[in-house]
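Asker: Below is upload-v2.txt; it holds compact mmCIF, N, CA and C atoms.
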# COMPACT_ATOMS: atom_id res chain seq x y z
N ARG A 1 1.43 -11.34 -34.66
CA ARG A 1 1.25 -9.94 -34.35
C ARG A 1 0.16 -9.75 -33.28
N GLU A 2 -0.92 -10.49 -33.45
CA GLU A 2 -2.03 -10.39 -32.49
C GLU A 2 -1.61 -10.85 -31.10
N MET A 3 -0.79 -11.88 -31.06
CA MET A 3 -0.30 -12.38 -29.77
C MET A 3 0.57 -11.34 -29.09
N GLU A 4 1.38 -10.65 -29.86
CA GLU A 4 2.23 -9.60 -29.29
C GLU A 4 1.37 -8.44 -28.76
N LYS A 5 0.33 -8.07 -29.48
CA LYS A 5 -0.60 -7.03 -29.01
C LYS A 5 -1.24 -7.45 -27.70
N PHE A 6 -1.63 -8.71 -27.63
CA PHE A 6 -2.25 -9.23 -26.42
C PHE A 6 -1.28 -9.17 -25.24
N ARG A 7 -0.03 -9.56 -25.46
CA ARG A 7 0.98 -9.50 -24.41
C ARG A 7 1.22 -8.07 -23.94
N GLN A 8 1.24 -7.14 -24.87
CA GLN A 8 1.41 -5.73 -24.51
C GLN A 8 0.23 -5.22 -23.69
N THR A 9 -0.96 -5.64 -24.07
CA THR A 9 -2.16 -5.24 -23.33
C THR A 9 -2.12 -5.78 -21.90
N VAL A 10 -1.75 -7.03 -21.76
CA VAL A 10 -1.65 -7.65 -20.43
C VAL A 10 -0.57 -6.95 -19.61
N SER A 11 0.54 -6.66 -20.23
CA SER A 11 1.63 -5.98 -19.55
C SER A 11 1.20 -4.58 -19.09
N ALA A 12 0.50 -3.87 -19.95
CA ALA A 12 0.02 -2.53 -19.59
C ALA A 12 -0.98 -2.62 -18.44
N MET A 13 -1.84 -3.63 -18.47
CA MET A 13 -2.80 -3.82 -17.39
C MET A 13 -2.10 -4.09 -16.07
N LYS A 14 -1.07 -4.94 -16.10
CA LYS A 14 -0.31 -5.24 -14.90
C LYS A 14 0.34 -3.98 -14.34
N GLN A 15 0.92 -3.17 -15.22
CA GLN A 15 1.56 -1.94 -14.78
C GLN A 15 0.55 -1.00 -14.15
N GLU A 16 -0.62 -0.92 -14.72
CA GLU A 16 -1.66 -0.04 -14.18
C GLU A 16 -2.11 -0.52 -12.81
N VAL A 17 -2.32 -1.82 -12.67
CA VAL A 17 -2.73 -2.38 -11.37
C VAL A 17 -1.65 -2.14 -10.33
N VAL A 18 -0.40 -2.36 -10.68
CA VAL A 18 0.71 -2.12 -9.75
C VAL A 18 0.76 -0.64 -9.36
N GLY A 19 0.53 0.25 -10.31
CA GLY A 19 0.51 1.68 -10.01
C GLY A 19 -0.60 2.05 -9.05
N ILE A 20 -1.77 1.46 -9.23
CA ILE A 20 -2.90 1.73 -8.35
C ILE A 20 -2.64 1.17 -6.95
N ILE A 21 -2.09 -0.04 -6.89
CA ILE A 21 -1.75 -0.64 -5.60
C ILE A 21 -0.71 0.21 -4.88
N TYR A 22 0.30 0.63 -5.61
CA TYR A 22 1.34 1.48 -5.03
C TYR A 22 0.74 2.77 -4.46
N GLN A 23 -0.09 3.43 -5.25
CA GLN A 23 -0.66 4.71 -4.81
C GLN A 23 -1.56 4.53 -3.59
N SER A 24 -2.39 3.51 -3.60
CA SER A 24 -3.28 3.25 -2.46
C SER A 24 -2.49 2.90 -1.21
N LEU A 25 -1.48 2.05 -1.36
CA LEU A 25 -0.64 1.67 -0.22
C LEU A 25 0.09 2.88 0.33
N SER A 26 0.59 3.70 -0.54
CA SER A 26 1.29 4.91 -0.12
C SER A 26 0.36 5.85 0.63
N ASP A 27 -0.83 6.06 0.10
CA ASP A 27 -1.80 6.96 0.74
C ASP A 27 -2.19 6.46 2.13
N LEU A 28 -2.50 5.17 2.23
CA LEU A 28 -2.96 4.62 3.51
C LEU A 28 -1.84 4.61 4.56
N THR A 29 -0.63 4.24 4.17
CA THR A 29 0.46 4.22 5.16
C THR A 29 0.87 5.64 5.56
N ASN A 30 0.81 6.59 4.63
CA ASN A 30 1.10 7.97 5.00
C ASN A 30 0.04 8.53 5.95
N ARG A 31 -1.20 8.12 5.76
CA ARG A 31 -2.26 8.54 6.67
C ARG A 31 -2.01 7.98 8.08
N LEU A 32 -1.62 6.71 8.15
CA LEU A 32 -1.30 6.12 9.46
C LEU A 32 -0.09 6.80 10.09
N LYS A 33 0.88 7.12 9.28
CA LYS A 33 2.08 7.81 9.78
C LYS A 33 1.69 9.16 10.40
N LYS A 34 0.87 9.91 9.71
CA LYS A 34 0.43 11.22 10.22
C LYS A 34 -0.38 11.06 11.49
N GLN A 35 -1.28 10.09 11.50
CA GLN A 35 -2.12 9.88 12.68
C GLN A 35 -1.29 9.45 13.88
N SER A 36 -0.30 8.60 13.66
CA SER A 36 0.52 8.14 14.78
C SER A 36 1.40 9.27 15.30
N LYS A 37 1.78 10.19 14.44
CA LYS A 37 2.57 11.34 14.88
C LYS A 37 1.71 12.29 15.71
N ASP A 38 0.48 12.52 15.25
CA ASP A 38 -0.42 13.44 15.95
C ASP A 38 -1.07 12.82 17.18
N GLY A 39 -1.07 11.50 17.27
CA GLY A 39 -1.73 10.82 18.38
C GLY A 39 -3.22 10.69 18.19
N LYS A 40 -3.70 10.96 16.99
CA LYS A 40 -5.14 10.91 16.70
C LYS A 40 -5.41 9.71 15.79
N MET A 41 -5.25 8.53 16.36
CA MET A 41 -5.42 7.31 15.59
C MET A 41 -6.89 7.08 15.25
N ASN A 42 -7.12 6.60 14.03
CA ASN A 42 -8.47 6.35 13.55
C ASN A 42 -8.59 4.88 13.15
N GLN A 43 -9.53 4.18 13.76
CA GLN A 43 -9.69 2.76 13.47
C GLN A 43 -10.10 2.53 12.02
N ARG A 44 -10.81 3.47 11.44
CA ARG A 44 -11.24 3.32 10.04
C ARG A 44 -10.03 3.19 9.12
N THR A 45 -8.95 3.90 9.40
CA THR A 45 -7.75 3.80 8.58
C THR A 45 -7.16 2.39 8.66
N PHE A 46 -7.10 1.83 9.87
CA PHE A 46 -6.63 0.45 10.02
C PHE A 46 -7.54 -0.51 9.25
N ASN A 47 -8.85 -0.33 9.40
CA ASN A 47 -9.81 -1.20 8.72
C ASN A 47 -9.65 -1.12 7.20
N ASN A 48 -9.50 0.10 6.68
CA ASN A 48 -9.33 0.28 5.23
C ASN A 48 -8.04 -0.37 4.74
N LEU A 49 -6.98 -0.25 5.51
CA LEU A 49 -5.71 -0.85 5.11
C LEU A 49 -5.80 -2.38 5.15
N HIS A 50 -6.43 -2.94 6.19
CA HIS A 50 -6.63 -4.38 6.25
C HIS A 50 -7.44 -4.87 5.04
N LYS A 51 -8.52 -4.15 4.76
CA LYS A 51 -9.40 -4.53 3.64
C LYS A 51 -8.64 -4.44 2.32
N PHE A 52 -7.85 -3.39 2.16
CA PHE A 52 -7.05 -3.22 0.95
C PHE A 52 -6.05 -4.37 0.77
N LEU A 53 -5.34 -4.71 1.84
CA LEU A 53 -4.35 -5.78 1.76
C LEU A 53 -5.00 -7.13 1.45
N GLU A 54 -6.16 -7.38 2.03
CA GLU A 54 -6.89 -8.62 1.73
C GLU A 54 -7.33 -8.65 0.27
N GLN A 55 -7.78 -7.51 -0.23
CA GLN A 55 -8.23 -7.43 -1.62
C GLN A 55 -7.06 -7.67 -2.58
N VAL A 56 -5.93 -7.08 -2.28
CA VAL A 56 -4.74 -7.29 -3.12
C VAL A 56 -4.36 -8.76 -3.12
N GLU A 57 -4.36 -9.36 -1.93
CA GLU A 57 -3.96 -10.76 -1.81
C GLU A 57 -4.93 -11.70 -2.53
N SER A 58 -6.22 -11.44 -2.40
CA SER A 58 -7.20 -12.37 -2.97
C SER A 58 -7.49 -12.11 -4.44
N THR A 59 -7.49 -10.86 -4.86
CA THR A 59 -7.92 -10.53 -6.22
C THR A 59 -6.77 -10.19 -7.16
N TYR A 60 -5.82 -9.43 -6.68
CA TYR A 60 -4.81 -8.88 -7.58
C TYR A 60 -3.43 -9.51 -7.44
N SER A 61 -3.32 -10.58 -6.69
CA SER A 61 -2.00 -11.19 -6.47
C SER A 61 -1.37 -11.67 -7.78
N GLU A 62 -2.18 -12.06 -8.74
CA GLU A 62 -1.65 -12.51 -10.04
C GLU A 62 -1.01 -11.35 -10.82
N PHE A 63 -1.46 -10.14 -10.55
CA PHE A 63 -0.93 -8.98 -11.27
C PHE A 63 0.36 -8.46 -10.65
N VAL A 64 0.57 -8.75 -9.37
CA VAL A 64 1.74 -8.24 -8.67
C VAL A 64 2.84 -9.30 -8.78
N ASP A 65 3.65 -9.16 -9.81
CA ASP A 65 4.72 -10.12 -10.01
C ASP A 65 6.08 -9.55 -9.61
N ARG A 66 6.05 -8.41 -8.96
CA ARG A 66 7.28 -7.78 -8.49
C ARG A 66 7.55 -8.19 -7.05
N LYS A 67 8.68 -8.81 -6.83
CA LYS A 67 9.04 -9.31 -5.49
C LYS A 67 9.17 -8.16 -4.49
N ASP A 68 9.74 -7.03 -4.90
CA ASP A 68 9.91 -5.91 -3.97
C ASP A 68 8.57 -5.39 -3.46
N LEU A 69 7.58 -5.31 -4.33
CA LEU A 69 6.26 -4.85 -3.92
C LEU A 69 5.57 -5.90 -3.05
N GLN A 70 5.71 -7.16 -3.40
CA GLN A 70 5.14 -8.24 -2.59
C GLN A 70 5.73 -8.23 -1.18
N ASP A 71 7.05 -8.04 -1.09
CA ASP A 71 7.71 -7.98 0.22
C ASP A 71 7.23 -6.80 1.04
N THR A 72 7.06 -5.66 0.40
CA THR A 72 6.58 -4.47 1.10
C THR A 72 5.16 -4.67 1.60
N LEU A 73 4.31 -5.27 0.78
CA LEU A 73 2.94 -5.56 1.21
C LEU A 73 2.94 -6.47 2.43
N LYS A 74 3.82 -7.49 2.44
CA LYS A 74 3.91 -8.40 3.58
C LYS A 74 4.38 -7.67 4.84
N LYS A 75 5.35 -6.77 4.67
CA LYS A 75 5.86 -6.01 5.82
C LYS A 75 4.77 -5.12 6.42
N VAL A 76 4.01 -4.46 5.57
CA VAL A 76 2.92 -3.61 6.06
C VAL A 76 1.89 -4.45 6.79
N LYS A 77 1.54 -5.58 6.20
CA LYS A 77 0.55 -6.46 6.81
C LYS A 77 1.04 -6.94 8.18
N ALA A 78 2.31 -7.32 8.28
CA ALA A 78 2.88 -7.77 9.55
C ALA A 78 2.89 -6.66 10.59
N GLU A 79 3.15 -5.44 10.15
CA GLU A 79 3.25 -4.32 11.09
C GLU A 79 1.89 -3.96 11.69
N ILE A 80 0.83 -4.05 10.91
CA ILE A 80 -0.48 -3.64 11.42
C ILE A 80 -1.27 -4.80 12.02
N LYS A 81 -0.75 -6.01 11.87
CA LYS A 81 -1.45 -7.18 12.41
C LYS A 81 -1.59 -7.05 13.93
N GLY A 82 -2.80 -7.18 14.39
CA GLY A 82 -3.08 -7.12 15.82
C GLY A 82 -3.11 -5.71 16.39
N MET A 83 -2.89 -4.71 15.57
CA MET A 83 -2.91 -3.32 16.03
C MET A 83 -4.32 -2.75 15.93
N SER A 84 -4.61 -1.84 16.82
CA SER A 84 -5.87 -1.11 16.74
C SER A 84 -5.62 0.34 17.16
N ALA A 85 -6.51 1.19 16.75
CA ALA A 85 -6.37 2.61 17.08
C ALA A 85 -6.42 2.81 18.59
N ASP A 86 -7.30 2.08 19.28
CA ASP A 86 -7.41 2.21 20.74
C ASP A 86 -6.11 1.85 21.44
N MET A 87 -5.46 0.78 20.98
CA MET A 87 -4.19 0.36 21.59
C MET A 87 -3.14 1.47 21.49
N LEU A 88 -3.09 2.11 20.34
CA LEU A 88 -2.07 3.13 20.11
C LEU A 88 -2.44 4.47 20.72
N ARG A 89 -3.72 4.75 20.81
CA ARG A 89 -4.17 6.00 21.41
C ARG A 89 -3.81 6.05 22.89
N ASP A 90 -3.92 4.91 23.55
CA ASP A 90 -3.76 4.86 25.00
C ASP A 90 -2.33 4.58 25.45
N ASN A 91 -1.43 4.29 24.53
CA ASN A 91 -0.08 3.90 24.90
C ASN A 91 0.93 4.70 24.07
N ASP A 92 1.50 5.72 24.69
CA ASP A 92 2.43 6.61 23.97
C ASP A 92 3.68 5.87 23.48
N ALA A 93 4.21 4.97 24.30
CA ALA A 93 5.42 4.24 23.92
C ALA A 93 5.14 3.34 22.72
N GLN A 94 4.01 2.65 22.76
CA GLN A 94 3.63 1.76 21.65
C GLN A 94 3.39 2.58 20.38
N ARG A 95 2.74 3.74 20.53
CA ARG A 95 2.47 4.59 19.37
C ARG A 95 3.77 5.11 18.77
N ALA A 96 4.73 5.50 19.61
CA ALA A 96 6.02 5.98 19.11
C ALA A 96 6.76 4.87 18.36
N LYS A 97 6.71 3.66 18.88
CA LYS A 97 7.33 2.52 18.21
C LYS A 97 6.65 2.25 16.87
N PHE A 98 5.32 2.30 16.86
CA PHE A 98 4.57 2.09 15.63
C PHE A 98 4.87 3.19 14.62
N HIS A 99 4.94 4.43 15.09
CA HIS A 99 5.23 5.57 14.20
C HIS A 99 6.60 5.38 13.52
N LYS A 100 7.58 4.94 14.28
CA LYS A 100 8.91 4.72 13.73
C LYS A 100 8.87 3.63 12.66
N ALA A 101 8.15 2.54 12.94
CA ALA A 101 8.06 1.43 11.99
C ALA A 101 7.30 1.84 10.73
N ILE A 102 6.18 2.53 10.89
CA ILE A 102 5.36 2.92 9.72
C ILE A 102 6.09 3.99 8.91
N SER A 103 6.87 4.82 9.56
CA SER A 103 7.68 5.81 8.84
C SER A 103 8.71 5.13 7.96
N ALA A 104 9.35 4.10 8.50
CA ALA A 104 10.34 3.35 7.71
C ALA A 104 9.66 2.67 6.52
N LEU A 105 8.45 2.15 6.74
CA LEU A 105 7.73 1.49 5.65
C LEU A 105 7.32 2.49 4.57
N THR A 106 6.92 3.70 4.96
CA THR A 106 6.55 4.68 3.94
C THR A 106 7.76 5.07 3.10
N LYS A 107 8.93 5.11 3.72
CA LYS A 107 10.16 5.37 2.95
C LYS A 107 10.45 4.23 1.99
N ASP A 108 10.25 2.99 2.45
CA ASP A 108 10.45 1.83 1.58
C ASP A 108 9.50 1.87 0.39
N ILE A 109 8.26 2.26 0.65
CA ILE A 109 7.26 2.33 -0.42
C ILE A 109 7.66 3.39 -1.44
N GLN A 110 8.08 4.54 -0.95
CA GLN A 110 8.47 5.63 -1.86
C GLN A 110 9.72 5.27 -2.66
N ALA A 111 10.54 4.38 -2.11
CA ALA A 111 11.79 4.01 -2.78
C ALA A 111 11.61 2.90 -3.81
N LEU A 112 10.41 2.36 -3.93
CA LEU A 112 10.19 1.31 -4.93
C LEU A 112 10.46 1.86 -6.32
N PRO A 113 11.28 1.17 -7.09
CA PRO A 113 11.66 1.69 -8.41
C PRO A 113 10.59 1.45 -9.47
N ASP A 114 10.57 2.34 -10.43
CA ASP A 114 9.78 2.17 -11.65
C ASP A 114 8.29 1.92 -11.43
N VAL A 115 7.70 2.61 -10.48
CA VAL A 115 6.26 2.50 -10.30
C VAL A 115 5.65 3.77 -10.84
N GLU A 116 4.81 3.59 -11.87
CA GLU A 116 4.16 4.75 -12.46
C GLU A 116 2.94 5.10 -11.61
N THR A 117 2.90 6.34 -11.16
CA THR A 117 1.73 6.77 -10.39
C THR A 117 0.77 7.48 -11.31
N LYS A 118 -0.47 7.38 -10.98
CA LYS A 118 -1.52 8.03 -11.76
C LYS A 118 -1.85 9.36 -11.12
N ARG A 119 -2.03 10.36 -11.95
CA ARG A 119 -2.46 11.65 -11.44
C ARG A 119 -3.97 11.68 -11.42
N ALA A 120 -4.51 12.47 -10.49
CA ALA A 120 -5.96 12.58 -10.39
C ALA A 120 -6.54 13.20 -11.65
N ILE A 121 -5.84 14.20 -12.19
CA ILE A 121 -6.30 14.85 -13.41
C ILE A 121 -5.18 14.78 -14.43
N ASP A 122 -5.48 14.24 -15.56
CA ASP A 122 -4.51 14.17 -16.64
C ASP A 122 -4.76 15.29 -17.63
N PHE A 123 -3.73 16.06 -17.93
CA PHE A 123 -3.88 17.17 -18.87
C PHE A 123 -3.51 16.75 -20.27
Since I need it in another form, could you write the structure as C-alpha cells?

Answerer:
Amino acid sequence: REMEKFRQTVSAMKQEVVGIIYQSLSDLTNRLKKQSKDGKMNQRTFNNLHKFLEQVESTYSEFVDRKDLQDTLKKVKAEIKGMSADMLRDNDAQRAKFHKAISALTKDIQALPDVETKRAIDF
C-alpha cells in the first residue's frame, strides 16, 4: 500500500512539473510571437527562454517523460538557437520568417494533449 502511495505521489509530482513547464513554455513563446508581430523584439525574452530550456534540460529532464513535450522543447530550442532581438529588429524578412515559425510552435504547444495548467488563483 505504501509503495502505491509513493508511486501516486511521484506521478502527481511529474504531472505538476509538466504542467509548469507547459505553462512557462507557452507564456514565453507567446511573448516572442507577439514581439515578432509588433517588431519590438526584446533580448530579455530570448535570454529567459534560453535559461528556461537549459533549466528544463539539466534539472527537470527526468520528470518530462512525454515524447511530444520533449520534441516540442527541442523544436523551440532549435528555432531560437543563434537568434537575437537585434537580428530580428533590423531584418523584416527574417522577423517575418521567425514570426511564422514561432506561431506554428505556439499552436503545437497549445495542441499538446492532457496537460493540466495551473491557475494563478485557485477558488

Asker: From the options A:Leu69, A:Leu49, A:Leu88, A:Val56, which residue's atoms come nearest to Ala111 (chain A), counting only C-alpha atoms?

Answerer: A:Leu69

Asker: What is the distance, in Å and to one decimal place, between CA of Gly82 (chain A) and atom C of Thr45 (chain A)?

Answerer: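 According to the coordinates, CA of Gly82 (chain A) and atom C of Thr45 (chain A) are separated by 12.6 Å.
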
Asker: Quick one: pull the distance between atom C of Tyr22 (chain A) and atom C of Met3 (chain A), Å, one decimal.

Answerer: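 Between atom C of Tyr22 (chain A) and atom C of Met3 (chain A) the gap works out to 28.4 Å.
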
Asker: Need to verify the contact set: Gln70 (chain A), 12 Å, only C-alpha atoms, exclusion of same-chain residues closer than 2 positions in sequence. Can you return it as a list of chain:residue names?

Answerer: A:Val18, A:Ile21, A:Tyr22, A:Leu25, A:Leu53, A:Val56, A:Glu57, A:Tyr60, A:Ser61, A:Glu62, A:Phe63, A:Val64, A:Asp65, A:Arg66, A:Lys67, A:Asp68, A:Thr72, A:Leu73, A:Lys74, A:Lys75, A:Val76, A:Lys77, A:Ile109, A:Leu112

Asker: Residues at most 8 Å from Asn30 (chain A), counting only N, CA and C atoms, excluding those fewer than 6 positions away in the same chain, as a short mmCIF file (atom, residue, chain, number, x, y, z; two decimals) with N, CA and C atoms, in the coordinates of the input?

Answerer:
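Writing the result to out.cif gives the following:
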data_model
loop_
_atom_site.label_atom_id
_atom_site.label_comp_id
_atom_site.auth_asym_id
_atom_site.auth_seq_id
_atom_site.Cartn_x
_atom_site.Cartn_y
_atom_site.Cartn_z
N SER A 24 -2.39 3.51 -3.60
CA SER A 24 -3.28 3.25 -2.46
C SER A 24 -2.49 2.90 -1.21
N SER A 36 -0.30 8.60 13.66
CA SER A 36 0.52 8.14 14.78
C SER A 36 1.40 9.27 15.30
N ILE A 102 6.18 2.53 10.89
CA ILE A 102 5.36 2.92 9.72
C ILE A 102 6.09 3.99 8.91
N SER A 103 6.87 4.82 9.56
CA SER A 103 7.68 5.81 8.84
C SER A 103 8.71 5.13 7.96
N LEU A 105 8.45 2.15 6.74
CA LEU A 105 7.73 1.49 5.65
C LEU A 105 7.32 2.49 4.57
N THR A 106 6.92 3.70 4.96
CA THR A 106 6.55 4.68 3.94
C THR A 106 7.76 5.07 3.10
#

Asker: Please give the complete set of residues from chain A that DSSP, run on the backbone, assigns to alpha helix (DSSP H), formatted as a count of residues only.

Answerer: 93

Asker: For the point (6.9, 5.4, 11.4) in the file's frame, write as a ChimeraX atom specification all residues with an atom no more than 10 Å away, counting only C-alpha atoms.

Answerer: /A:29-30,32-34,36-37,95-107

Asker: Is it possible to get the axis-aligned box enclosing region 67-72 of chain A (all listed atoms, 4 Å extra per side) as lines of an AutoDock Vina configuration file, with centre and edge lengths in Å rounded to one decimal?

Answerer:
center_x = 7.5
center_y = -6.9
center_z = -2.6
size_x = 12.8
size_y = 12.8
size_z = 16.4

Asker: Dump all heavy atoms of region 41-52 of chain A from the given block, as an mmCIF file, in the first residue's frame.

Answerer:
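As written to disk, selection_37.cif reads:
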data_model
loop_
_atom_site.group_PDB
_atom_site.id
_atom_site.type_symbol
_atom_site.label_atom_id
_atom_site.label_comp_id
_atom_site.auth_asym_id
_atom_site.auth_seq_id
_atom_site.Cartn_x
_atom_site.Cartn_y
_atom_site.Cartn_z
ATOM 1 N N MET A 41 11.192 43.477 -30.642
ATOM 2 C CA MET A 41 11.864 42.330 -30.056
ATOM 3 C C MET A 41 12.634 42.738 -28.802
ATOM 4 O O MET A 41 13.226 43.804 -28.754
ATOM 5 C CB MET A 41 12.833 41.701 -31.067
ATOM 6 C CG MET A 41 12.174 41.275 -32.370
ATOM 7 S SD MET A 41 10.810 40.117 -32.192
ATOM 8 C CE MET A 41 11.616 38.743 -31.435
ATOM 9 N N ASN A 42 12.593 41.864 -27.804
ATOM 10 C CA ASN A 42 13.260 42.121 -26.536
ATOM 11 C C ASN A 42 14.249 40.987 -26.257
ATOM 12 O O ASN A 42 13.849 39.828 -26.184
ATOM 13 C CB ASN A 42 12.205 42.203 -25.425
ATOM 14 C CG ASN A 42 12.767 42.620 -24.100
ATOM 15 O OD1 ASN A 42 13.913 42.349 -23.777
ATOM 16 N ND2 ASN A 42 11.945 43.279 -23.315
ATOM 17 N N GLN A 43 15.510 41.334 -26.092
ATOM 18 C CA GLN A 43 16.533 40.318 -25.863
ATOM 19 C C GLN A 43 16.293 39.571 -24.555
ATOM 20 O O GLN A 43 16.613 38.400 -24.438
ATOM 21 C CB GLN A 43 17.935 40.949 -25.874
ATOM 22 C CG GLN A 43 19.061 39.944 -25.796
ATOM 23 C CD GLN A 43 19.070 38.960 -26.964
ATOM 24 O OE1 GLN A 43 18.848 39.334 -28.105
ATOM 25 N NE2 GLN A 43 19.327 37.697 -26.667
ATOM 26 N N ARG A 44 15.709 40.236 -23.580
ATOM 27 C CA ARG A 44 15.436 39.585 -22.296
ATOM 28 C C ARG A 44 14.525 38.372 -22.479
ATOM 29 O O ARG A 44 14.699 37.354 -21.801
ATOM 30 C CB ARG A 44 14.807 40.577 -21.324
ATOM 31 C CG ARG A 44 14.683 39.998 -19.917
ATOM 32 C CD ARG A 44 14.094 40.976 -18.928
ATOM 33 N NE ARG A 44 14.843 42.197 -18.883
ATOM 34 C CZ ARG A 44 14.305 43.409 -18.731
ATOM 35 N NH1 ARG A 44 13.015 43.548 -18.600
ATOM 36 N NH2 ARG A 44 15.053 44.486 -18.688
ATOM 37 N N THR A 45 13.567 38.453 -23.388
ATOM 38 C CA THR A 45 12.673 37.329 -23.642
ATOM 39 C C THR A 45 13.456 36.134 -24.195
ATOM 40 O O THR A 45 13.251 35.000 -23.757
ATOM 41 C CB THR A 45 11.550 37.726 -24.621
ATOM 42 O OG1 THR A 45 10.888 38.897 -24.127
ATOM 43 C CG2 THR A 45 10.525 36.613 -24.776
ATOM 44 N N PHE A 46 14.365 36.401 -25.137
ATOM 45 C CA PHE A 46 15.219 35.331 -25.659
ATOM 46 C C PHE A 46 16.071 34.733 -24.543
ATOM 47 O O PHE A 46 16.191 33.521 -24.430
ATOM 48 C CB PHE A 46 16.140 35.853 -26.771
ATOM 49 C CG PHE A 46 15.491 35.931 -28.114
ATOM 50 C CD1 PHE A 46 15.003 37.132 -28.597
ATOM 51 C CD2 PHE A 46 15.366 34.803 -28.905
ATOM 52 C CE1 PHE A 46 14.411 37.213 -29.837
ATOM 53 C CE2 PHE A 46 14.766 34.871 -30.151
ATOM 54 C CZ PHE A 46 14.288 36.081 -30.618
ATOM 55 N N ASN A 47 16.666 35.605 -23.730
ATOM 56 C CA ASN A 47 17.515 35.136 -22.630
ATOM 57 C C ASN A 47 16.726 34.275 -21.651
ATOM 58 O O ASN A 47 17.207 33.226 -21.206
ATOM 59 C CB ASN A 47 18.150 36.305 -21.888
ATOM 60 C CG ASN A 47 19.119 37.092 -22.749
ATOM 61 O OD1 ASN A 47 19.547 36.635 -23.813
ATOM 62 N ND2 ASN A 47 19.452 38.288 -22.315
ATOM 63 N N ASN A 48 15.520 34.718 -21.303
ATOM 64 C CA ASN A 48 14.680 33.952 -20.370
ATOM 65 C C ASN A 48 14.295 32.591 -20.952
ATOM 66 O O ASN A 48 14.274 31.582 -20.234
ATOM 67 C CB ASN A 48 13.424 34.735 -20.007
ATOM 68 C CG ASN A 48 13.706 35.901 -19.094
ATOM 69 O OD1 ASN A 48 14.741 35.957 -18.438
ATOM 70 N ND2 ASN A 48 12.801 36.864 -19.065
ATOM 71 N N LEU A 49 13.994 32.558 -22.236
ATOM 72 C CA LEU A 49 13.626 31.294 -22.870
ATOM 73 C C LEU A 49 14.830 30.351 -22.931
ATOM 74 O O LEU A 49 14.702 29.160 -22.638
ATOM 75 C CB LEU A 49 13.042 31.530 -24.263
ATOM 76 C CG LEU A 49 12.477 30.313 -24.984
ATOM 77 C CD1 LEU A 49 11.468 29.555 -24.127
ATOM 78 C CD2 LEU A 49 11.835 30.728 -26.302
ATOM 79 N N HIS A 50 16.006 30.874 -23.274
ATOM 80 C CA HIS A 50 17.220 30.054 -23.270
ATOM 81 C C HIS A 50 17.479 29.484 -21.872
ATOM 82 O O HIS A 50 17.746 28.292 -21.716
ATOM 83 C CB HIS A 50 18.443 30.871 -23.710
ATOM 84 C CG HIS A 50 18.585 31.020 -25.173
ATOM 85 N ND1 HIS A 50 18.896 29.979 -26.013
ATOM 86 C CD2 HIS A 50 18.458 32.110 -25.973
ATOM 87 C CE1 HIS A 50 18.955 30.410 -27.250
ATOM 88 N NE2 HIS A 50 18.694 31.705 -27.260
ATOM 89 N N LYS A 51 17.375 30.349 -20.873
ATOM 90 C CA LYS A 51 17.622 29.928 -19.489
ATOM 91 C C LYS A 51 16.607 28.867 -19.063
ATOM 92 O O LYS A 51 16.954 27.871 -18.430
ATOM 93 C CB LYS A 51 17.528 31.140 -18.554
ATOM 94 C CG LYS A 51 17.990 30.871 -17.141
ATOM 95 C CD LYS A 51 17.799 32.075 -16.231
ATOM 96 C CE LYS A 51 18.466 33.318 -16.762
ATOM 97 N NZ LYS A 51 18.295 34.479 -15.871
ATOM 98 N N PHE A 52 15.353 29.075 -19.430
ATOM 99 C CA PHE A 52 14.297 28.116 -19.102
ATOM 100 C C PHE A 52 14.574 26.753 -19.745
ATOM 101 O O PHE A 52 14.488 25.719 -19.084
ATOM 102 C CB PHE A 52 12.941 28.667 -19.555
ATOM 103 C CG PHE A 52 11.833 27.657 -19.496
ATOM 104 C CD1 PHE A 52 11.297 27.268 -18.276
ATOM 105 C CD2 PHE A 52 11.347 27.082 -20.654
ATOM 106 C CE1 PHE A 52 10.276 26.322 -18.222
ATOM 107 C CE2 PHE A 52 10.330 26.142 -20.609
ATOM 108 C CZ PHE A 52 9.799 25.761 -19.389
#
